[in-house]
>>> print(open('structure32.pdb').read())   # PDB, N, CA and C atoms, pLDDT in the B column
MODEL        1
ATOM      1  N   MET A   1     114.193  30.823 146.557  1.00 50.00           N
ATOM      2  CA  MET A   1     114.606  30.693 147.943  1.00 50.00           C
ATOM      3  C   MET A   1     115.683  29.621 148.034  1.00 50.00           C
ATOM      4  N   PHE A   2     116.627  29.834 148.930  1.00 58.00           N
ATOM      5  CA  PHE A   2     117.780  28.947 149.042  1.00 58.00           C
ATOM      6  C   PHE A   2     117.571  27.790 150.021  1.00 58.00           C
ATOM      7  N   ALA A   3     116.574  27.824 150.872  1.00 55.00           N
ATOM      8  CA  ALA A   3     116.494  26.922 152.013  1.00 55.00           C
ATOM      9  C   ALA A   3     115.755  25.608 151.795  1.00 55.00           C
ATOM     10  N   GLU A   4     115.437  25.243 150.619  1.00 62.00           N
ATOM     11  CA  GLU A   4     114.600  24.092 150.319  1.00 62.00           C
ATOM     12  C   GLU A   4     115.055  22.799 150.999  1.00 62.00           C
ATOM     13  N   ASN A   5     114.543  22.510 152.197  1.00 69.00           N
ATOM     14  CA  ASN A   5     114.788  21.266 152.932  1.00 69.00           C
ATOM     15  C   ASN A   5     116.271  20.953 153.152  1.00 69.00           C
ATOM     16  N   LYS A   6     117.068  21.950 153.392  1.00 88.00           N
ATOM     17  CA  LYS A   6     118.484  21.738 153.647  1.00 88.00           C
ATOM     18  C   LYS A   6     118.764  21.937 155.126  1.00 88.00           C
ATOM     19  N   THR A   7     119.787  21.266 155.598  1.00 95.00           N
ATOM     20  CA  THR A   7     120.170  21.453 156.992  1.00 95.00           C
ATOM     21  C   THR A   7     120.877  22.790 157.138  1.00 95.00           C
ATOM     22  N   TRP A   8     120.978  23.257 158.366  1.00 96.00           N
ATOM     23  CA  TRP A   8     121.666  24.523 158.585  1.00 96.00           C
ATOM     24  C   TRP A   8     123.120  24.421 158.140  1.00 96.00           C
ATOM     25  N   GLN A   9     123.716  23.219 158.283  1.00 97.00           N
ATOM     26  CA  GLN A   9     125.111  23.046 157.875  1.00 97.00           C
ATOM     27  C   GLN A   9     125.269  23.193 156.364  1.00 97.00           C
ATOM     28  N   GLU A  10     124.345  22.605 155.600  1.00 96.00           N
ATOM     29  CA  GLU A  10     124.398  22.717 154.141  1.00 96.00           C
ATOM     30  C   GLU A  10     124.229  24.166 153.696  1.00 96.00           C
ATOM     31  N   LEU A  11     123.280  24.854 154.310  1.00 97.00           N
ATOM     32  CA  LEU A  11     123.053  26.255 153.965  1.00 97.00           C
ATOM     33  C   LEU A  11     124.257  27.106 154.342  1.00 97.00           C
ATOM     34  N   TYR A  12     124.857  26.816 155.489  1.00 97.00           N
ATOM     35  CA  TYR A  12     126.027  27.572 155.922  1.00 97.00           C
ATOM     36  C   TYR A  12     127.177  27.397 154.928  1.00 97.00           C
ATOM     37  N   MET A  13     127.419  26.182 154.498  1.00 96.00           N
ATOM     38  CA  MET A  13     128.497  25.933 153.536  1.00 96.00           C
ATOM     39  C   MET A  13     128.227  26.664 152.219  1.00 96.00           C
ATOM     40  N   GLN A  14     126.994  26.638 151.756  1.00 95.00           N
ATOM     41  CA  GLN A  14     126.653  27.354 150.529  1.00 95.00           C
ATOM     42  C   GLN A  14     126.850  28.856 150.706  1.00 95.00           C
ATOM     43  N   THR A  15     126.530  29.353 151.883  1.00 95.00           N
ATOM     44  CA  THR A  15     126.674  30.783 152.158  1.00 95.00           C
ATOM     45  C   THR A  15     128.135  31.198 152.160  1.00 95.00           C
ATOM     46  N   ILE A  16     128.971  30.451 152.870  1.00 94.00           N
ATOM     47  CA  ILE A  16     130.374  30.880 152.956  1.00 94.00           C
ATOM     48  C   ILE A  16     131.119  30.685 151.643  1.00 94.00           C
ATOM     49  N   LEU A  17     130.579  29.843 150.759  1.00 94.00           N
ATOM     50  CA  LEU A  17     131.211  29.634 149.458  1.00 94.00           C
ATOM     51  C   LEU A  17     130.629  30.534 148.361  1.00 94.00           C
ATOM     52  N   GLU A  18     129.595  31.294 148.685  1.00 92.00           N
ATOM     53  CA  GLU A  18     128.964  32.183 147.699  1.00 92.00           C
ATOM     54  C   GLU A  18     129.953  33.266 147.268  1.00 92.00           C
ATOM     55  N   VAL A  19     130.058  33.487 145.976  1.00 87.00           N
ATOM     56  CA  VAL A  19     130.980  34.496 145.466  1.00 87.00           C
ATOM     57  C   VAL A  19     130.270  35.748 144.950  1.00 87.00           C
ATOM     58  N   ASN A  20     128.962  35.716 144.867  1.00 87.00           N
ATOM     59  CA  ASN A  20     128.196  36.861 144.388  1.00 87.00           C
ATOM     60  C   ASN A  20     127.671  37.641 145.593  1.00 87.00           C
ATOM     61  N   ALA A  21     128.215  38.823 145.816  1.00 84.00           N
ATOM     62  CA  ALA A  21     127.853  39.630 146.980  1.00 84.00           C
ATOM     63  C   ALA A  21     126.372  39.979 147.014  1.00 84.00           C
ATOM     64  N   THR A  22     125.726  40.095 145.864  1.00 86.00           N
ATOM     65  CA  THR A  22     124.312  40.453 145.853  1.00 86.00           C
ATOM     66  C   THR A  22     123.410  39.312 146.327  1.00 86.00           C
ATOM     67  N   LYS A  23     123.910  38.079 146.282  1.00 91.00           N
ATOM     68  CA  LYS A  23     123.139  36.930 146.772  1.00 91.00           C
ATOM     69  C   LYS A  23     123.349  36.681 148.261  1.00 91.00           C
ATOM     70  N   MET A  24     124.388  37.274 148.828  1.00 91.00           N
ATOM     71  CA  MET A  24     124.733  36.988 150.214  1.00 91.00           C
ATOM     72  C   MET A  24     123.641  37.330 151.230  1.00 91.00           C
ATOM     73  N   PRO A  25     122.986  38.490 151.139  1.00 92.00           N
ATOM     74  CA  PRO A  25     121.961  38.778 152.153  1.00 92.00           C
ATOM     75  C   PRO A  25     120.888  37.697 152.248  1.00 92.00           C
ATOM     76  N   GLU A  26     120.431  37.194 151.105  1.00 94.00           N
ATOM     77  CA  GLU A  26     119.400  36.156 151.121  1.00 94.00           C
ATOM     78  C   GLU A  26     119.966  34.844 151.676  1.00 94.00           C
ATOM     79  N   ARG A  27     121.176  34.514 151.303  1.00 95.00           N
ATOM     80  CA  ARG A  27     121.804  33.287 151.817  1.00 95.00           C
ATOM     81  C   ARG A  27     122.008  33.379 153.326  1.00 95.00           C
ATOM     82  N   ILE A  28     122.483  34.530 153.793  1.00 96.00           N
ATOM     83  CA  ILE A  28     122.702  34.728 155.234  1.00 96.00           C
ATOM     84  C   ILE A  28     121.382  34.595 155.982  1.00 96.00           C
ATOM     85  N   ALA A  29     120.342  35.220 155.477  1.00 96.00           N
ATOM     86  CA  ALA A  29     119.027  35.156 156.134  1.00 96.00           C
ATOM     87  C   ALA A  29     118.502  33.721 156.188  1.00 96.00           C
ATOM     88  N   ALA A  30     118.638  32.983 155.095  1.00 96.00           N
ATOM     89  CA  ALA A  30     118.157  31.593 155.064  1.00 96.00           C
ATOM     90  C   ALA A  30     118.948  30.721 156.034  1.00 96.00           C
ATOM     91  N   THR A  31     120.239  30.964 156.117  1.00 97.00           N
ATOM     92  CA  THR A  31     121.074  30.179 157.027  1.00 97.00           C
ATOM     93  C   THR A  31     120.728  30.488 158.475  1.00 97.00           C
ATOM     94  N   ARG A  32     120.579  31.763 158.787  1.00 97.00           N
ATOM     95  CA  ARG A  32     120.178  32.144 160.156  1.00 97.00           C
ATOM     96  C   ARG A  32     118.835  31.518 160.520  1.00 97.00           C
ATOM     97  N   GLN A  33     117.898  31.568 159.606  1.00 96.00           N
ATOM     98  CA  GLN A  33     116.572  30.998 159.860  1.00 96.00           C
ATOM     99  C   GLN A  33     116.695  29.501 160.159  1.00 96.00           C
ATOM    100  N   ALA A  34     117.517  28.802 159.399  1.00 97.00           N
ATOM    101  CA  ALA A  34     117.710  27.365 159.622  1.00 97.00           C
ATOM    102  C   ALA A  34     118.380  27.101 160.966  1.00 97.00           C
ATOM    103  N   ILE A  35     119.354  27.927 161.335  1.00 97.00           N
ATOM    104  CA  ILE A  35     120.027  27.758 162.622  1.00 97.00           C
ATOM    105  C   ILE A  35     119.041  27.993 163.759  1.00 97.00           C
ATOM    106  N   PHE A  36     118.275  29.068 163.677  1.00 96.00           N
ATOM    107  CA  PHE A  36     117.312  29.350 164.742  1.00 96.00           C
ATOM    108  C   PHE A  36     116.233  28.271 164.818  1.00 96.00           C
ATOM    109  N   GLY A  37     115.856  27.713 163.676  1.00 95.00           N
ATOM    110  CA  GLY A  37     114.908  26.600 163.681  1.00 95.00           C
ATOM    111  C   GLY A  37     115.485  25.385 164.381  1.00 95.00           C
ATOM    112  N   ARG A  38     116.735  25.101 164.107  1.00 95.00           N
ATOM    113  CA  ARG A  38     117.394  23.963 164.762  1.00 95.00           C
ATOM    114  C   ARG A  38     117.528  24.224 166.262  1.00 95.00           C
ATOM    115  N   LEU A  39     117.848  25.446 166.648  1.00 95.00           N
ATOM    116  CA  LEU A  39     117.935  25.772 168.075  1.00 95.00           C
ATOM    117  C   LEU A  39     116.579  25.584 168.755  1.00 95.00           C
ATOM    118  N   ARG A  40     115.499  25.934 168.052  1.00 95.00           N
ATOM    119  CA  ARG A  40     114.160  25.695 168.608  1.00 95.00           C
ATOM    120  C   ARG A  40     113.915  24.198 168.786  1.00 95.00           C
ATOM    121  N   ASP A  41     114.368  23.398 167.806  1.00 93.00           N
ATOM    122  CA  ASP A  41     114.227  21.938 167.903  1.00 93.00           C
ATOM    123  C   ASP A  41     114.950  21.396 169.131  1.00 93.00           C
ATOM    124  N   LEU A  42     116.060  22.019 169.475  1.00 93.00           N
ATOM    125  CA  LEU A  42     116.885  21.539 170.595  1.00 93.00           C
ATOM    126  C   LEU A  42     116.573  22.236 171.915  1.00 93.00           C
ATOM    127  N   GLU A  43     115.580  23.091 171.913  1.00 92.00           N
ATOM    128  CA  GLU A  43     115.269  23.931 173.076  1.00 92.00           C
ATOM    129  C   GLU A  43     115.134  23.142 174.382  1.00 92.00           C
ATOM    130  N   HIS A  44     114.504  22.005 174.350  1.00 90.00           N
ATOM    131  CA  HIS A  44     114.271  21.227 175.563  1.00 90.00           C
ATOM    132  C   HIS A  44     115.157  19.994 175.634  1.00 90.00           C
ATOM    133  N   ASP A  45     116.249  20.017 174.889  1.00 88.00           N
ATOM    134  CA  ASP A  45     117.187  18.901 174.842  1.00 88.00           C
ATOM    135  C   ASP A  45     118.514  19.379 175.419  1.00 88.00           C
ATOM    136  N   SER A  46     118.968  18.762 176.482  1.00 86.00           N
ATOM    137  CA  SER A  46     120.191  19.223 177.138  1.00 86.00           C
ATOM    138  C   SER A  46     121.453  18.680 176.478  1.00 86.00           C
ATOM    139  N   ASP A  47     121.300  17.872 175.458  1.00 88.00           N
ATOM    140  CA  ASP A  47     122.438  17.308 174.736  1.00 88.00           C
ATOM    141  C   ASP A  47     122.797  18.212 173.551  1.00 88.00           C
ATOM    142  N   HIS A  48     123.609  17.748 172.664  1.00 90.00           N
ATOM    143  CA  HIS A  48     123.966  18.455 171.429  1.00 90.00           C
ATOM    144  C   HIS A  48     124.833  19.692 171.687  1.00 90.00           C
ATOM    145  N   HIS A  49     125.697  19.637 172.706  1.00 92.00           N
ATOM    146  CA  HIS A  49     126.545  20.780 173.042  1.00 92.00           C
ATOM    147  C   HIS A  49     127.482  21.147 171.901  1.00 92.00           C
ATOM    148  N   ALA A  50     128.062  20.164 171.241  1.00 93.00           N
ATOM    149  CA  ALA A  50     128.991  20.440 170.141  1.00 93.00           C
ATOM    150  C   ALA A  50     128.273  21.136 168.991  1.00 93.00           C
ATOM    151  N   GLU A  51     127.065  20.670 168.668  1.00 94.00           N
ATOM    152  CA  GLU A  51     126.323  21.302 167.586  1.00 94.00           C
ATOM    153  C   GLU A  51     125.937  22.731 167.958  1.00 94.00           C
ATOM    154  N   ARG A  52     125.527  22.937 169.198  1.00 94.00           N
ATOM    155  CA  ARG A  52     125.177  24.293 169.642  1.00 94.00           C
ATOM    156  C   ARG A  52     126.385  25.229 169.505  1.00 94.00           C
ATOM    157  N   HIS A  53     127.549  24.732 169.867  1.00 95.00           N
ATOM    158  CA  HIS A  53     128.778  25.524 169.758  1.00 95.00           C
ATOM    159  C   HIS A  53     129.057  25.856 168.285  1.00 95.00           C
ATOM    160  N   LYS A  54     128.886  24.880 167.410  1.00 96.00           N
ATOM    161  CA  LYS A  54     129.094  25.107 165.974  1.00 96.00           C
ATOM    162  C   LYS A  54     128.093  26.128 165.439  1.00 96.00           C
ATOM    163  N   MET A  55     126.861  26.070 165.921  1.00 97.00           N
ATOM    164  CA  MET A  55     125.862  27.034 165.467  1.00 97.00           C
ATOM    165  C   MET A  55     126.229  28.445 165.913  1.00 97.00           C
ATOM    166  N   GLN A  56     126.738  28.579 167.146  1.00 97.00           N
ATOM    167  CA  GLN A  56     127.155  29.909 167.615  1.00 97.00           C
ATOM    168  C   GLN A  56     128.315  30.432 166.793  1.00 97.00           C
ATOM    169  N   ASP A  57     129.270  29.563 166.493  1.00 97.00           N
ATOM    170  CA  ASP A  57     130.382  29.960 165.626  1.00 97.00           C
ATOM    171  C   ASP A  57     129.878  30.386 164.250  1.00 97.00           C
ATOM    172  N   ALA A  58     128.927  29.648 163.719  1.00 97.00           N
ATOM    173  CA  ALA A  58     128.369  29.980 162.402  1.00 97.00           C
ATOM    174  C   ALA A  58     127.653  31.327 162.447  1.00 97.00           C
ATOM    175  N   LEU A  59     126.888  31.580 163.496  1.00 97.00           N
ATOM    176  CA  LEU A  59     126.201  32.867 163.619  1.00 97.00           C
ATOM    177  C   LEU A  59     127.196  34.015 163.695  1.00 97.00           C
ATOM    178  N   ASN A  60     128.299  33.816 164.418  1.00 97.00           N
ATOM    179  CA  ASN A  60     129.335  34.847 164.497  1.00 97.00           C
ATOM    180  C   ASN A  60     129.935  35.103 163.118  1.00 97.00           C
ATOM    181  N   ALA A  61     130.216  34.039 162.389  1.00 96.00           N
ATOM    182  CA  ALA A  61     130.783  34.178 161.047  1.00 96.00           C
ATOM    183  C   ALA A  61     129.788  34.863 160.108  1.00 96.00           C
ATOM    184  N   LEU A  62     128.517  34.526 160.223  1.00 96.00           N
ATOM    185  CA  LEU A  62     127.499  35.153 159.376  1.00 96.00           C
ATOM    186  C   LEU A  62     127.438  36.654 159.621  1.00 96.00           C
ATOM    187  N   SER A  63     127.613  37.062 160.867  1.00 95.00           N
ATOM    188  CA  SER A  63     127.631  38.500 161.173  1.00 95.00           C
ATOM    189  C   SER A  63     128.793  39.188 160.463  1.00 95.00           C
ATOM    190  N   ALA A  64     129.953  38.542 160.466  1.00 93.00           N
ATOM    191  CA  ALA A  64     131.116  39.103 159.770  1.00 93.00           C
ATOM    192  C   ALA A  64     130.868  39.169 158.265  1.00 93.00           C
ATOM    193  N   PHE A  65     130.305  38.105 157.705  1.00 90.00           N
ATOM    194  CA  PHE A  65     129.981  38.098 156.278  1.00 90.00           C
ATOM    195  C   PHE A  65     128.970  39.190 155.950  1.00 90.00           C
ATOM    196  N   GLU A  66     128.013  39.375 156.823  1.00 90.00           N
ATOM    197  CA  GLU A  66     126.991  40.388 156.591  1.00 90.00           C
ATOM    198  C   GLU A  66     127.610  41.783 156.552  1.00 90.00           C
ATOM    199  N   THR A  67     128.509  42.063 157.468  1.00 89.00           N
ATOM    200  CA  THR A  67     129.189  43.356 157.495  1.00 89.00           C
ATOM    201  C   THR A  67     130.009  43.563 156.230  1.00 89.00           C
ATOM    202  N   GLU A  68     130.769  42.555 155.850  1.00 85.00           N
ATOM    203  CA  GLU A  68     131.591  42.638 154.649  1.00 85.00           C
ATOM    204  C   GLU A  68     130.726  42.786 153.401  1.00 85.00           C
ATOM    205  N   THR A  69     129.648  42.049 153.331  1.00 83.00           N
ATOM    206  CA  THR A  69     128.750  42.108 152.174  1.00 83.00           C
ATOM    207  C   THR A  69     128.114  43.484 152.064  1.00 83.00           C
ATOM    208  N   ARG A  70     127.681  44.021 153.188  1.00 79.00           N
ATOM    209  CA  ARG A  70     127.042  45.342 153.178  1.00 79.00           C
ATOM    210  C   ARG A  70     128.017  46.383 152.616  1.00 79.00           C
ATOM    211  N   THR A  71     129.262  46.293 153.017  1.00 77.00           N
ATOM    212  CA  THR A  71     130.281  47.212 152.513  1.00 77.00           C
ATOM    213  C   THR A  71     130.457  47.055 151.013  1.00 77.00           C
ATOM    214  N   MET A  72     130.510  45.812 150.561  1.00 70.00           N
ATOM    215  CA  MET A  72     130.722  45.561 149.137  1.00 70.00           C
ATOM    216  C   MET A  72     129.524  46.030 148.314  1.00 70.00           C
ATOM    217  N   VAL A  73     128.323  45.743 148.773  1.00 66.00           N
ATOM    218  CA  VAL A  73     127.125  46.147 148.041  1.00 66.00           C
ATOM    219  C   VAL A  73     126.994  47.674 148.064  1.00 66.00           C
ATOM    220  N   ASP A  74     127.275  48.297 149.217  1.00 69.00           N
ATOM    221  CA  ASP A  74     127.220  49.760 149.307  1.00 69.00           C
ATOM    222  C   ASP A  74     128.213  50.419 148.353  1.00 69.00           C
ATOM    223  N   ASN A  75     129.320  49.758 148.089  1.00 67.00           N
ATOM    224  CA  ASN A  75     130.326  50.288 147.173  1.00 67.00           C
ATOM    225  C   ASN A  75     130.103  49.807 145.745  1.00 67.00           C
ATOM    226  N   SER A  76     128.939  49.193 145.494  1.00 59.00           N
ATOM    227  CA  SER A  76     128.520  48.744 144.164  1.00 59.00           C
ATOM    228  C   SER A  76     129.430  47.697 143.546  1.00 59.00           C
ATOM    229  N   TYR A  77     129.983  46.827 144.348  1.00 55.00           N
ATOM    230  CA  TYR A  77     130.772  45.720 143.815  1.00 55.00           C
ATOM    231  C   TYR A  77     129.822  44.613 143.410  1.00 55.00           C
ATOM    232  N   ASP A  78     129.912  44.159 142.194  1.00 53.00           N
ATOM    233  CA  ASP A  78     129.117  43.030 141.721  1.00 53.00           C
ATOM    234  C   ASP A  78     130.025  41.893 141.308  1.00 53.00           C
ATOM    235  N   ARG A  79     131.151  41.791 141.926  1.00 55.00           N
ATOM    236  CA  ARG A  79     132.095  40.756 141.556  1.00 55.00           C
ATOM    237  C   ARG A  79     132.354  39.860 142.759  1.00 55.00           C
ATOM    238  N   PRO A  80     132.955  38.727 142.540  1.00 55.00           N
ATOM    239  CA  PRO A  80     133.301  37.859 143.669  1.00 55.00           C
ATOM    240  C   PRO A  80     134.169  38.599 144.668  1.00 55.00           C
ATOM    241  N   PHE A  81     134.054  38.223 145.905  1.00 53.00           N
ATOM    242  CA  PHE A  81     134.850  38.863 146.942  1.00 53.00           C
ATOM    243  C   PHE A  81     135.509  37.843 147.833  1.00 53.00           C
ATOM    244  N   THR A  82     136.505  38.306 148.527  1.00 56.00           N
ATOM    245  CA  THR A  82     137.169  37.456 149.521  1.00 56.00           C
ATOM    246  C   THR A  82     137.297  38.272 150.795  1.00 56.00           C
ATOM    247  N   ILE A  83     137.335  37.574 151.886  1.00 56.00           N
ATOM    248  CA  ILE A  83     137.523  38.211 153.190  1.00 56.00           C
ATOM    249  C   ILE A  83     138.916  37.872 153.660  1.00 56.00           C
ATOM    250  N   GLY A  84     139.608  38.870 154.130  1.00 50.00           N
ATOM    251  CA  GLY A  84     140.920  38.588 154.709  1.00 50.00           C
ATOM    252  C   GLY A  84     142.004  39.253 154.073  1.00 50.00           C
TER     253      GLY A  84
ENDMDL
END
>>> encode(input="structure32.pdb", output="structure tokens")
Amino acid sequence: MFAENKTWQELYMQTILEVNATKMPERIAATRQAIFGRLRDLEHDSDHHAERHKMQDALNALSAFETETRTMVDNSYDRPFTIG
């Protein structure tokens, strides 16, 4: 498992830097789980607007990575990939 006591930011950085498409689904899931956990922590806190915005941006990026990864895995690519 990738999430061993890491912040959502650390997991996000590891996810976006991952070059193995077959590892991406697990990394994306762990990062999303960490983000949603942090959002639960902040549920009753009206502060942290900048962090909330960063988390939303990260979730949007994870969705794009997930789409790209699914395409690569469906096409049997087992090599590093780039987006763009």
>>> closest_residue(input="structure32.pdb", among="A:Met72, A:Leu59, A:Leu11, A:Ala50", to="A:Ala30", atoms="all atoms listed in the file")
A:Leu11
>>> select_by_dssp(input="structure32.pdb", residues="stretch 3-69 of chain A", states="helix (DSSP H, G or I)", output="number ranges by chain")
A: 8-17, 24-41, 49-69
>>> residues_around(input="structure32.pdb", residues="A:Leu39", least_positions_apart="5", cutoff="10 Å", atoms="only C-alpha atoms", output="ChimeraX atom specification")
/A:33-34,44-45,51-52,55
>>> atom_distance(input="structure32.pdb", atom1="atom CA of A:Arg38", atom2="atom CA of A:Asp57")
14.3 Å
>>> atom_distance(input="structure32.pdb", atom1="atom C of A:Arg70", atom2="atom CA of A:Arg27")
14.5 Å
>>> atom_distance(input="structure32.pdb", atom1="atom C of A:Lys6", atom2="atom N of A:Thr31")
9.2 Å
>>> axis_aligned_box(input="structure32.pdb", around="stretch 60-74 of chain A", padding_each_side="5 Å", output="AutoDock Vina command-line options")
--center_x 129.3 --center_y 42.1 --center_z 156.3 --size_x 14.6 --size_y 26.6 --size_z 26.5
>>> closest_residue(input="structure32.pdb", among="A:Met24, A:Glu18, A:Glu10, A:Ala29", to="A:Thr69", atoms="only N, CA and C atoms")
A:Met24
>>> closest_residue(input="structure32.pdb", among="A:Thr22, A:His49, A:Leu42, A:Thr15", to="A:Ser63", atoms="only C-alpha atoms")
A:Thr15
>>> closest_residue(input="structure32.pdb", among="A:Glu66, A:Thr7, A:Asp41, A:Thr71", to="A:Ile28", atoms="all atoms listed in the file")
A:Glu66
